[in-house]
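*Asks:* Pasting run_29.txt below, which is compact mmCIF, C-alpha atoms.
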```
# COMPACT_ATOMS: atom_id res chain seq x y z
CA MET L 1 117.91 59.87 95.28
CA ILE L 2 114.37 61.15 95.90
CA TYR L 3 113.07 64.49 94.67
CA LEU L 4 110.19 65.82 96.80
CA TYR L 5 107.21 67.86 95.50
CA ALA L 6 104.57 67.94 98.19
CA ILE L 7 103.17 66.60 101.43
CA THR L 8 99.49 65.71 101.26
CA ASP L 9 96.66 64.17 103.20
CA ARG L 10 94.59 61.24 101.84
CA PRO L 11 97.43 58.87 100.96
CA GLU L 12 94.85 56.37 99.70
CA VAL L 13 94.00 58.57 96.67
CA ALA L 14 95.89 57.70 93.50
CA ILE L 15 98.46 60.27 92.40
CA PRO L 16 98.14 61.84 88.94
CA ALA L 17 99.94 60.19 86.04
CA LEU L 18 102.31 63.08 85.39
CA PRO L 19 106.02 62.87 84.72
CA GLY L 20 108.27 64.28 87.41
CA LEU L 21 111.56 66.10 86.95
CA GLU L 22 113.77 64.34 84.41
CA ASP L 23 110.54 62.56 83.32
CA ALA L 24 110.77 60.19 86.29
CA PRO L 25 107.42 58.65 87.39
CA LEU L 26 105.79 60.01 90.53
CA ILE L 27 105.64 57.92 93.68
CA SER L 28 103.64 58.36 96.88
CA LEU L 29 105.01 57.28 100.23
CA ALA L 30 102.56 57.21 103.12
CA TYR L 31 103.08 57.60 106.82
CA ARG L 32 99.86 57.25 108.84
CA ASP L 33 97.39 59.67 107.19
CA VAL L 34 99.91 61.84 105.33
CA ALA L 35 101.87 61.15 102.17
CA ALA L 36 104.94 62.50 100.43
CA VAL L 37 104.74 62.82 96.64
CA ALA L 38 108.14 62.44 95.06
CA SER L 39 110.02 60.96 92.14
CA ARG L 40 113.07 58.76 92.04
CA GLY L 41 116.06 59.83 90.08
CA ALA L 42 119.62 58.92 89.48
CA GLY L 43 121.68 61.22 91.66
CA SER L 44 123.35 62.91 88.75
CA GLY L 45 120.08 63.38 86.83
CA VAL L 46 118.26 65.10 89.67
CA SER L 47 121.31 67.22 90.42
CA THR L 48 121.33 68.41 86.84
CA ALA L 49 117.71 69.51 87.13
CA LEU L 50 118.42 71.29 90.40
CA SER L 51 121.46 73.06 89.15
CA SER L 52 119.35 74.66 86.43
CA PRO L 53 116.16 76.00 88.00
CA GLU L 54 114.93 77.01 84.58
CA ALA L 55 111.32 77.91 83.99
CA VAL L 56 110.54 74.47 82.56
CA ASN L 57 111.72 72.68 85.73
CA VAL L 58 110.06 75.16 88.04
CA TRP L 59 106.77 74.84 86.14
CA ARG L 60 107.06 71.03 86.16
CA HIS L 61 107.40 71.08 89.95
CA GLU L 62 104.48 73.51 90.25
CA ALA L 63 102.28 71.58 87.81
CA ILE L 64 102.65 68.45 89.93
CA VAL L 65 101.80 70.30 93.14
CA GLU L 66 98.73 71.85 91.50
CA ALA L 67 97.60 68.56 89.95
CA LEU L 68 97.43 67.13 93.47
CA MET L 69 95.26 69.94 94.76
CA PRO L 70 91.79 68.99 93.44
CA ASP L 71 91.71 65.69 95.34
CA ARG L 72 93.54 66.45 98.55
CA THR L 73 95.07 69.09 100.77
CA VAL L 74 98.61 69.92 99.75
CA LEU L 75 101.68 71.40 101.42
CA PRO L 76 104.00 72.51 98.61
CA VAL L 77 107.67 71.71 99.12
CA ARG L 78 110.33 74.18 98.11
CA PHE L 79 111.86 73.60 94.69
CA GLY L 80 115.11 71.64 94.81
CA THR L 81 114.43 69.48 97.85
CA VAL L 82 116.05 66.06 97.58
CA LEU L 83 116.56 63.21 100.00
CA PRO L 84 118.97 60.34 99.64
CA ASP L 85 116.45 57.46 99.64
CA GLU L 86 113.01 56.27 100.72
CA ALA L 87 114.21 55.47 104.23
CA ALA L 88 115.20 59.11 104.70
CA LEU L 89 111.86 60.24 103.31
CA ARG L 90 109.97 57.94 105.67
CA SER L 91 112.05 59.14 108.60
CA MET L 92 111.37 62.78 107.68
CA LEU L 93 107.61 62.11 107.50
CA LYS L 94 107.72 60.48 110.91
CA ASP L 95 109.79 63.28 112.47
CA ARG L 96 107.58 66.05 111.12
CA TYR L 97 104.25 64.30 111.23
CA SER L 98 102.63 66.61 113.80
CA SER L 99 103.77 69.72 111.99
CA PHE L 100 102.47 68.42 108.67
CA VAL L 101 99.09 67.53 110.16
CA ALA L 102 98.78 71.00 111.72
CA ASN L 103 99.70 72.69 108.45
CA LEU L 104 97.34 70.51 106.42
CA LYS L 105 94.52 71.44 108.77
CA ARG L 106 95.39 75.12 108.41
CA VAL L 107 95.33 75.21 104.59
CA CYS L 108 92.53 72.68 104.02
CA GLY L 109 90.00 74.04 101.48
CA ARG L 110 92.04 77.21 101.00
CA VAL L 111 94.33 78.68 98.38
CA GLU L 112 96.86 81.47 98.33
CA LEU L 113 96.26 84.70 96.41
CA SER L 114 99.01 87.20 95.76
CA VAL L 115 98.38 90.95 95.81
CA GLN L 116 100.93 93.55 94.83
CA VAL L 117 100.16 97.25 94.81
CA LEU L 118 102.35 99.72 92.96
CA TRP L 119 102.33 103.45 93.38
CA ASP L 120 104.19 106.35 91.90
CA SER L 121 107.70 106.21 93.33
CA ASP L 122 108.31 109.77 92.09
CA SER L 123 106.07 110.93 94.92
CA ARG L 124 108.86 110.02 97.34
CA PRO L 125 110.34 113.29 98.58
CA LEU L 126 113.79 112.18 99.69
CA THR L 127 115.43 110.63 96.68
CA ALA L 128 119.16 110.34 96.26
CA GLY L 129 119.07 113.06 93.61
CA ARG L 130 117.21 115.51 95.80
CA ALA L 131 119.48 114.84 98.75
CA LYS L 132 122.45 115.60 96.51
CA ASN L 133 120.79 118.84 95.43
CA ILE L 134 120.46 119.87 99.04
CA ASN L 135 124.13 119.15 99.57
CA ASP L 136 125.08 121.15 96.49
CA GLN L 137 122.84 124.13 97.26
CA CYS L 138 123.61 124.38 100.94
CA SER L 139 127.35 124.03 100.80
CA ALA L 140 127.41 127.68 99.81
CA ILE L 141 125.05 129.01 102.51
CA GLY L 142 126.22 127.29 105.65
CA GLY L 143 125.38 124.56 108.12
CA ARG L 144 122.15 125.96 109.54
CA ALA L 145 120.44 126.25 106.16
CA TYR L 146 121.66 122.77 105.31
CA MET L 147 120.22 121.32 108.51
CA LEU L 148 116.87 123.10 108.00
CA ALA L 149 116.64 121.84 104.44
CA ARG L 150 117.44 118.30 105.57
CA LEU L 151 114.87 118.56 108.37
CA SER L 152 112.24 119.66 105.88
CA GLU L 153 113.07 116.73 103.62
CA GLU L 154 112.94 114.31 106.53
CA GLN L 155 109.49 115.60 107.48
CA LEU L 156 108.30 115.11 103.92
CA GLU L 157 109.77 111.60 103.93
CA ARG L 158 107.94 110.78 107.16
CA ALA L 159 104.69 112.14 105.73
CA TRP L 160 105.24 110.00 102.63
CA ARG L 161 105.70 106.89 104.76
CA ARG L 162 102.63 107.73 106.85
CA ARG L 163 100.64 108.09 103.62
CA ALA L 164 101.89 104.67 102.54
CA GLU L 165 100.95 103.08 105.85
CA THR L 166 97.49 104.68 105.77
CA LEU L 167 96.87 103.42 102.24
CA VAL L 168 98.01 99.93 103.16
CA VAL L 169 95.63 99.83 106.12
CA GLU L 170 92.75 100.95 103.86
CA ILE L 171 93.62 98.42 101.17
CA ARG L 172 94.10 95.54 103.56
CA ARG L 173 90.93 96.09 105.59
CA PRO L 174 88.37 94.68 103.11
CA LEU L 175 90.74 91.91 102.01
CA GLU L 176 91.46 90.74 105.55
CA HIS L 177 87.77 90.05 106.10
CA MET L 178 87.83 87.47 103.33
CA ALA L 179 91.07 85.74 104.34
CA ALA L 180 91.86 83.16 106.99
CA ASP L 181 95.40 84.51 107.20
CA SER L 182 97.74 86.90 105.44
CA VAL L 183 101.34 88.02 105.24
CA CYS L 184 102.37 91.43 103.98
CA GLN L 185 105.36 93.65 103.40
CA VAL L 186 105.10 97.41 103.00
CA LEU L 187 107.44 99.43 100.77
CA VAL L 188 109.75 96.57 99.85
CA THR L 189 110.90 99.05 97.24
CA PRO L 190 109.80 102.71 96.92
CA ARG L 191 107.51 101.68 94.06
CA LEU L 192 106.10 98.52 95.62
CA LEU L 193 103.66 99.89 98.16
CA LEU L 194 102.30 96.52 99.25
CA LYS L 195 103.31 92.94 98.65
CA ALA L 196 100.92 90.51 100.28
CA ALA L 197 99.67 86.94 100.22
CA TYR L 198 96.23 85.90 101.45
CA LEU L 199 95.01 82.49 102.49
CA VAL L 200 91.48 82.39 101.09
CA ALA L 201 88.75 79.76 101.07
CA ARG L 202 88.16 78.49 97.54
CA GLU L 203 84.57 79.69 97.59
CA GLN L 204 85.73 83.20 98.51
CA MET L 205 88.08 83.61 95.54
CA LYS L 206 85.50 85.30 93.31
CA ASN L 207 84.58 87.79 96.03
CA PHE L 208 88.24 88.47 96.72
CA ARG L 209 88.90 89.31 93.06
CA LYS L 210 85.79 91.48 93.00
CA GLU L 211 87.17 93.39 95.98
CA ILE L 212 90.49 93.88 94.18
CA ASN L 213 88.56 95.36 91.27
CA ASN L 214 86.67 97.64 93.65
CA LEU L 215 89.95 98.79 95.15
CA SER L 216 91.35 99.46 91.66
CA LEU L 217 88.39 101.75 91.01
CA ALA L 218 88.59 103.42 94.39
CA TYR L 219 92.32 104.11 94.08
CA PRO L 220 92.96 104.95 90.42
CA GLU L 221 96.41 106.30 91.30
CA LEU L 222 97.48 102.81 92.42
CA ARG L 223 98.04 99.71 90.31
CA PHE L 224 96.86 96.36 91.62
CA LEU L 225 98.35 93.05 90.52
CA CYS L 226 96.57 89.93 91.73
CA THR L 227 97.77 86.43 90.86
CA GLY L 228 96.57 83.03 91.93
CA PRO L 229 95.25 80.68 93.04
CA TRP L 230 98.56 79.31 94.32
CA PRO L 231 99.29 76.40 96.62
CA ALA L 232 99.69 77.84 100.10
CA TYR L 233 103.46 78.39 99.94
CA ASN L 234 103.37 81.35 102.33
CA PHE L 235 101.30 79.61 104.96
CA VAL L 236 103.33 76.53 105.69
CA THR L 237 105.00 76.99 109.03
CA ASP L 238 107.92 74.69 109.54
CA ARG L 239 108.09 73.84 113.19
CA LYS L 240 109.98 70.75 114.11
CA ALA L 241 109.44 71.20 117.82
CA ASP L 242 106.50 69.72 119.67
CA GLN L 243 106.25 66.63 117.56
CA SER L 244 105.46 63.18 118.75
CA GLY L 245 106.10 61.35 115.49
CA ASP L 246 104.40 58.16 116.47
CA MET O 1 93.52 77.82 77.63
CA THR O 2 93.36 81.59 77.86
CA GLU O 3 95.79 83.49 75.65
CA ARG O 4 98.26 85.37 77.78
CA THR O 5 100.68 88.11 76.97
CA THR O 6 104.36 87.48 77.51
CA LYS O 7 104.35 90.13 80.22
CA GLU O 8 101.55 88.45 82.13
CA LYS O 9 103.34 85.13 81.91
CA GLU O 10 106.55 86.68 83.19
CA ILE O 11 104.75 88.32 86.09
CA VAL O 12 103.14 85.00 87.01
CA LEU O 13 106.50 83.21 86.68
CA LEU O 14 108.04 85.78 88.95
CA ASP O 15 105.32 85.27 91.52
CA LEU O 16 105.94 81.53 91.26
CA LEU O 17 109.70 81.95 91.72
CA ASP O 18 109.08 84.13 94.74
CA ARG O 19 107.22 81.24 96.32
CA ILE O 20 108.79 78.09 95.01
CA LEU O 21 112.42 79.04 95.76
CA ASP O 22 111.83 80.47 99.18
CA LYS O 23 108.59 79.21 100.74
CA GLY O 24 106.67 76.02 101.42
CA VAL O 25 107.98 73.01 103.30
CA ILE O 26 111.71 73.57 103.74
CA LEU O 27 113.99 70.74 104.70
CA TRP O 28 117.43 72.17 104.12
CA GLY O 29 119.60 72.13 107.18
CA ASP O 30 117.93 69.09 108.65
CA ILE O 31 118.98 66.38 106.29
CA THR O 32 122.46 65.48 105.24
CA ILE O 33 122.68 63.81 101.89
CA SER O 34 125.68 61.74 101.06
CA VAL O 35 126.28 60.04 97.74
CA ALA O 36 129.61 58.36 97.11
CA ASP O 37 131.01 60.10 100.19
CA VAL O 38 130.20 63.55 98.81
CA ASP O 39 128.21 65.78 101.12
CA LEU O 40 125.39 67.13 98.96
CA VAL O 41 124.03 69.51 101.57
CA TYR O 42 126.95 71.75 100.68
CA VAL O 43 126.04 71.38 97.02
CA GLY O 44 122.42 72.12 97.88
CA LEU O 45 123.26 75.39 99.60
CA LYS O 46 125.36 76.42 96.66
CA LEU O 47 122.48 75.63 94.32
CA LEU O 48 120.10 77.60 96.49
CA LEU O 49 122.33 80.64 96.22
CA THR O 50 122.24 80.24 92.47
CA SER O 51 118.47 80.05 92.57
CA ILE O 52 118.12 83.18 94.66
CA GLU O 53 120.44 85.04 92.34
CA LYS O 54 118.26 83.96 89.45
CA ALA O 55 115.13 84.99 91.29
CA GLU O 56 116.60 88.42 91.98
CA MET O 57 117.28 88.80 88.28
CA MET O 58 113.65 87.90 87.56
CA ARG O 59 112.42 90.32 90.22
CA ARG O 60 114.33 93.16 88.64
CA ARG O 61 112.89 92.21 85.27
CA ALA O 62 109.36 92.19 86.69
CA ASN O 63 109.81 95.60 88.27
CA GLU O 64 110.73 96.94 84.86
CA LEU O 65 107.64 95.30 83.42
CA ALA O 66 105.45 96.65 86.17
CA GLN O 67 106.66 100.17 85.47
CA ALA O 68 106.04 99.81 81.77
CA ASP O 69 102.40 98.89 81.56
CA SER O 70 98.97 99.02 83.13
CA ALA O 71 98.17 96.66 85.96
CA PRO O 72 96.68 93.36 85.00
CA LEU O 73 94.45 91.22 87.15
CA ILE O 74 95.77 87.79 86.36
CA GLU O 75 93.72 84.70 86.92
CA ARG O 76 95.99 81.74 86.71
CA GLU O 77 95.34 78.39 85.24
CA PRO O 78 97.33 75.43 86.53
CA GLY O 79 100.81 75.44 85.06
CA SER O 80 100.42 78.77 83.28
```
The structure in this file should be written as structure tokens.
*Replies:*
Amino acid sequence: MIYLYAITDRPEVAIPALPGLEDAPLISLAYRDVAAVASRGAGSGVSTALSSPEAVNVWRHEAIVEALMPDRTVLPVRFGTVLPDEAALRSMLKDRYSSFVANLKRVCGRVELSVQVLWDSDSRPLTAGRAKNINDQCSAIGGRAYMLARLSEEQLERAWRRRAETLVVEIRRPLEHMAADSVCQVLVTPRLLLKAAYLVAREQMKNFRKEINNLSLAYPELRFLCTGPWPAYNFVTDRKADQSGD
Amino acid sequence: MTERTTKEKEIVLLDLLDRILDKGVILWGDITISVADVDLVYVGLKLLLTSIEKAEMMRRRANELAQADSAPLIEREPGS
């Protein structure tokens, strides 16, 4: 069984001497100008590692992906990806060759930075508790008062969401200028105002962090969490269509 | 290596889990793995569900952490 860590360019470059999952040695299998970095394992051994995605295994996978990054462009593979044998791995490389090449071109010289922005969830007007209060208070004074109270709450909720969207636009604007691409989610939870990932050129990383600091100063009511650099997990698009293979 | 607080490490681990369990090159669904006549794709999906459950647990933990303290700007080092 083969456990897969990453797809890379420059198959001619030697892979780092790091142990893989279950301490198995790393191998590189090339197809044209791309390579798959993997390790062999007894079926049961790899399955054991996969069935326990503990921090140590997750970090081992990540450490290998990151160790590849200084010398080549890397597409990180999702944790827990196994193939039955080298023939299957070679076949997969051939089938997805065009997609891999396109993705490698997209992320070349770039890294992923994560930005999360937290705000005060208590500012949300329509919480479950408040809605219950409306129900309790208005049951005594009739349907019209109830509907008016609910309308008022809904308007406050809409205003709260508009405020969130405005803030997100303001936060994202300076960051977008420094990124080749980005993905973002707004209000994943009431407290998590923005969850975003940016694909940034290595030489722009310092400026990007500086801008996060500037934003922290400009919006003291918000809390900014920035982590990275990461391999470009969020910017690998997995299209199997439109592939020639050979 | 820079000294890191446990909270910072947990936040970084959470960010890693968010990516490594759900993003990147994804092959599931395309490849059927059979060892000794046992279809391991089924096993793989089951394992993935386990992983997501674990990630959700970590996410909840990180939200608690995020509410507890001031916001750090975390510069990662490989494998940290």
*Asks:* Which is closer to chain O than all the others in L:Lys105, L:Arg144, L:Arg78, L:Arg163, using all atoms listed in the file?
*Replies:*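 Of all the options, L:Arg78 lies closest to chain O.
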*Asks:* Hey, list the chain L side of the contact with chain O: 8 Å cut-off, all atoms listed in the file, answer as an mmCIF file with C-alpha atoms, in the coordinates of the input.
*Replies:*
```cif
data_model
loop_
_atom_site.group_PDB
_atom_site.id
_atom_site.type_symbol
_atom_site.label_atom_id
_atom_site.label_comp_id
_atom_site.auth_asym_id
_atom_site.auth_seq_id
_atom_site.Cartn_x
_atom_site.Cartn_y
_atom_site.Cartn_z
ATOM 1 C CA ALA L 6 104.570 67.940 98.190
ATOM 2 C CA GLY L 43 121.680 61.220 91.660
ATOM 3 C CA LEU L 50 118.420 71.290 90.400
ATOM 4 C CA SER L 51 121.460 73.060 89.150
ATOM 5 C CA PRO L 53 116.160 76.000 88.000
ATOM 6 C CA ALA L 55 111.320 77.910 83.990
ATOM 7 C CA VAL L 58 110.060 75.160 88.040
ATOM 8 C CA TRP L 59 106.770 74.840 86.140
ATOM 9 C CA ARG L 60 107.060 71.030 86.160
ATOM 10 C CA GLU L 62 104.480 73.510 90.250
ATOM 11 C CA ALA L 63 102.280 71.580 87.810
ATOM 12 C CA GLU L 66 98.730 71.850 91.500
ATOM 13 C CA ALA L 67 97.600 68.560 89.950
ATOM 14 C CA LEU L 75 101.680 71.400 101.420
ATOM 15 C CA PRO L 76 104.000 72.510 98.610
ATOM 16 C CA VAL L 77 107.670 71.710 99.120
ATOM 17 C CA ARG L 78 110.330 74.180 98.110
ATOM 18 C CA PHE L 79 111.860 73.600 94.690
ATOM 19 C CA GLY L 80 115.110 71.640 94.810
ATOM 20 C CA THR L 81 114.430 69.480 97.850
ATOM 21 C CA LEU L 83 116.560 63.210 100.000
ATOM 22 C CA PRO L 84 118.970 60.340 99.640
ATOM 23 C CA SER L 114 99.010 87.200 95.760
ATOM 24 C CA ARG L 223 98.040 99.710 90.310
ATOM 25 C CA PHE L 224 96.860 96.360 91.620
ATOM 26 C CA LEU L 225 98.350 93.050 90.520
ATOM 27 C CA CYS L 226 96.570 89.930 91.730
ATOM 28 C CA THR L 227 97.770 86.430 90.860
ATOM 29 C CA GLY L 228 96.570 83.030 91.930
ATOM 30 C CA PRO L 229 95.250 80.680 93.040
ATOM 31 C CA ALA L 232 99.690 77.840 100.100
ATOM 32 C CA TYR L 233 103.460 78.390 99.940
ATOM 33 C CA ASN L 234 103.370 81.350 102.330
ATOM 34 C CA PHE L 235 101.300 79.610 104.960
ATOM 35 C CA VAL L 236 103.330 76.530 105.690
ATOM 36 C CA THR L 237 105.000 76.990 109.030
ATOM 37 C CA ASP L 238 107.920 74.690 109.540
#
```
*Asks:* Please measure the separation of atom CA of L:Ala35 and atom CA of L:Thr8, giving the value in Å to one decimal.
*Replies:*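 So the answer is 5.2 Å.
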*Asks:* Distance atom CA of L:Gly20-atom CA of L:Arg90, one decimal place?
*Replies:* 19.4 Å
*Asks:* One decimal, Å: what's the distance from atom CA of L:Ala38 over to atom CA of L:Val111, could you say?
*Replies:* 21.6 Å
*Asks:* Edge lengths and centre, in Å to one decimal, as lines of an AutoDock Vina configuration file: that's what I need for the box along x, y and z that holds all listed atoms of stretch 89-108 of chain L plus 3 Å on each side.
*Replies:*
```
center_x = 102.3
center_y = 66.6
center_z = 108.6
size_x = 25.5
size_y = 23.3
size_z = 16.5
```
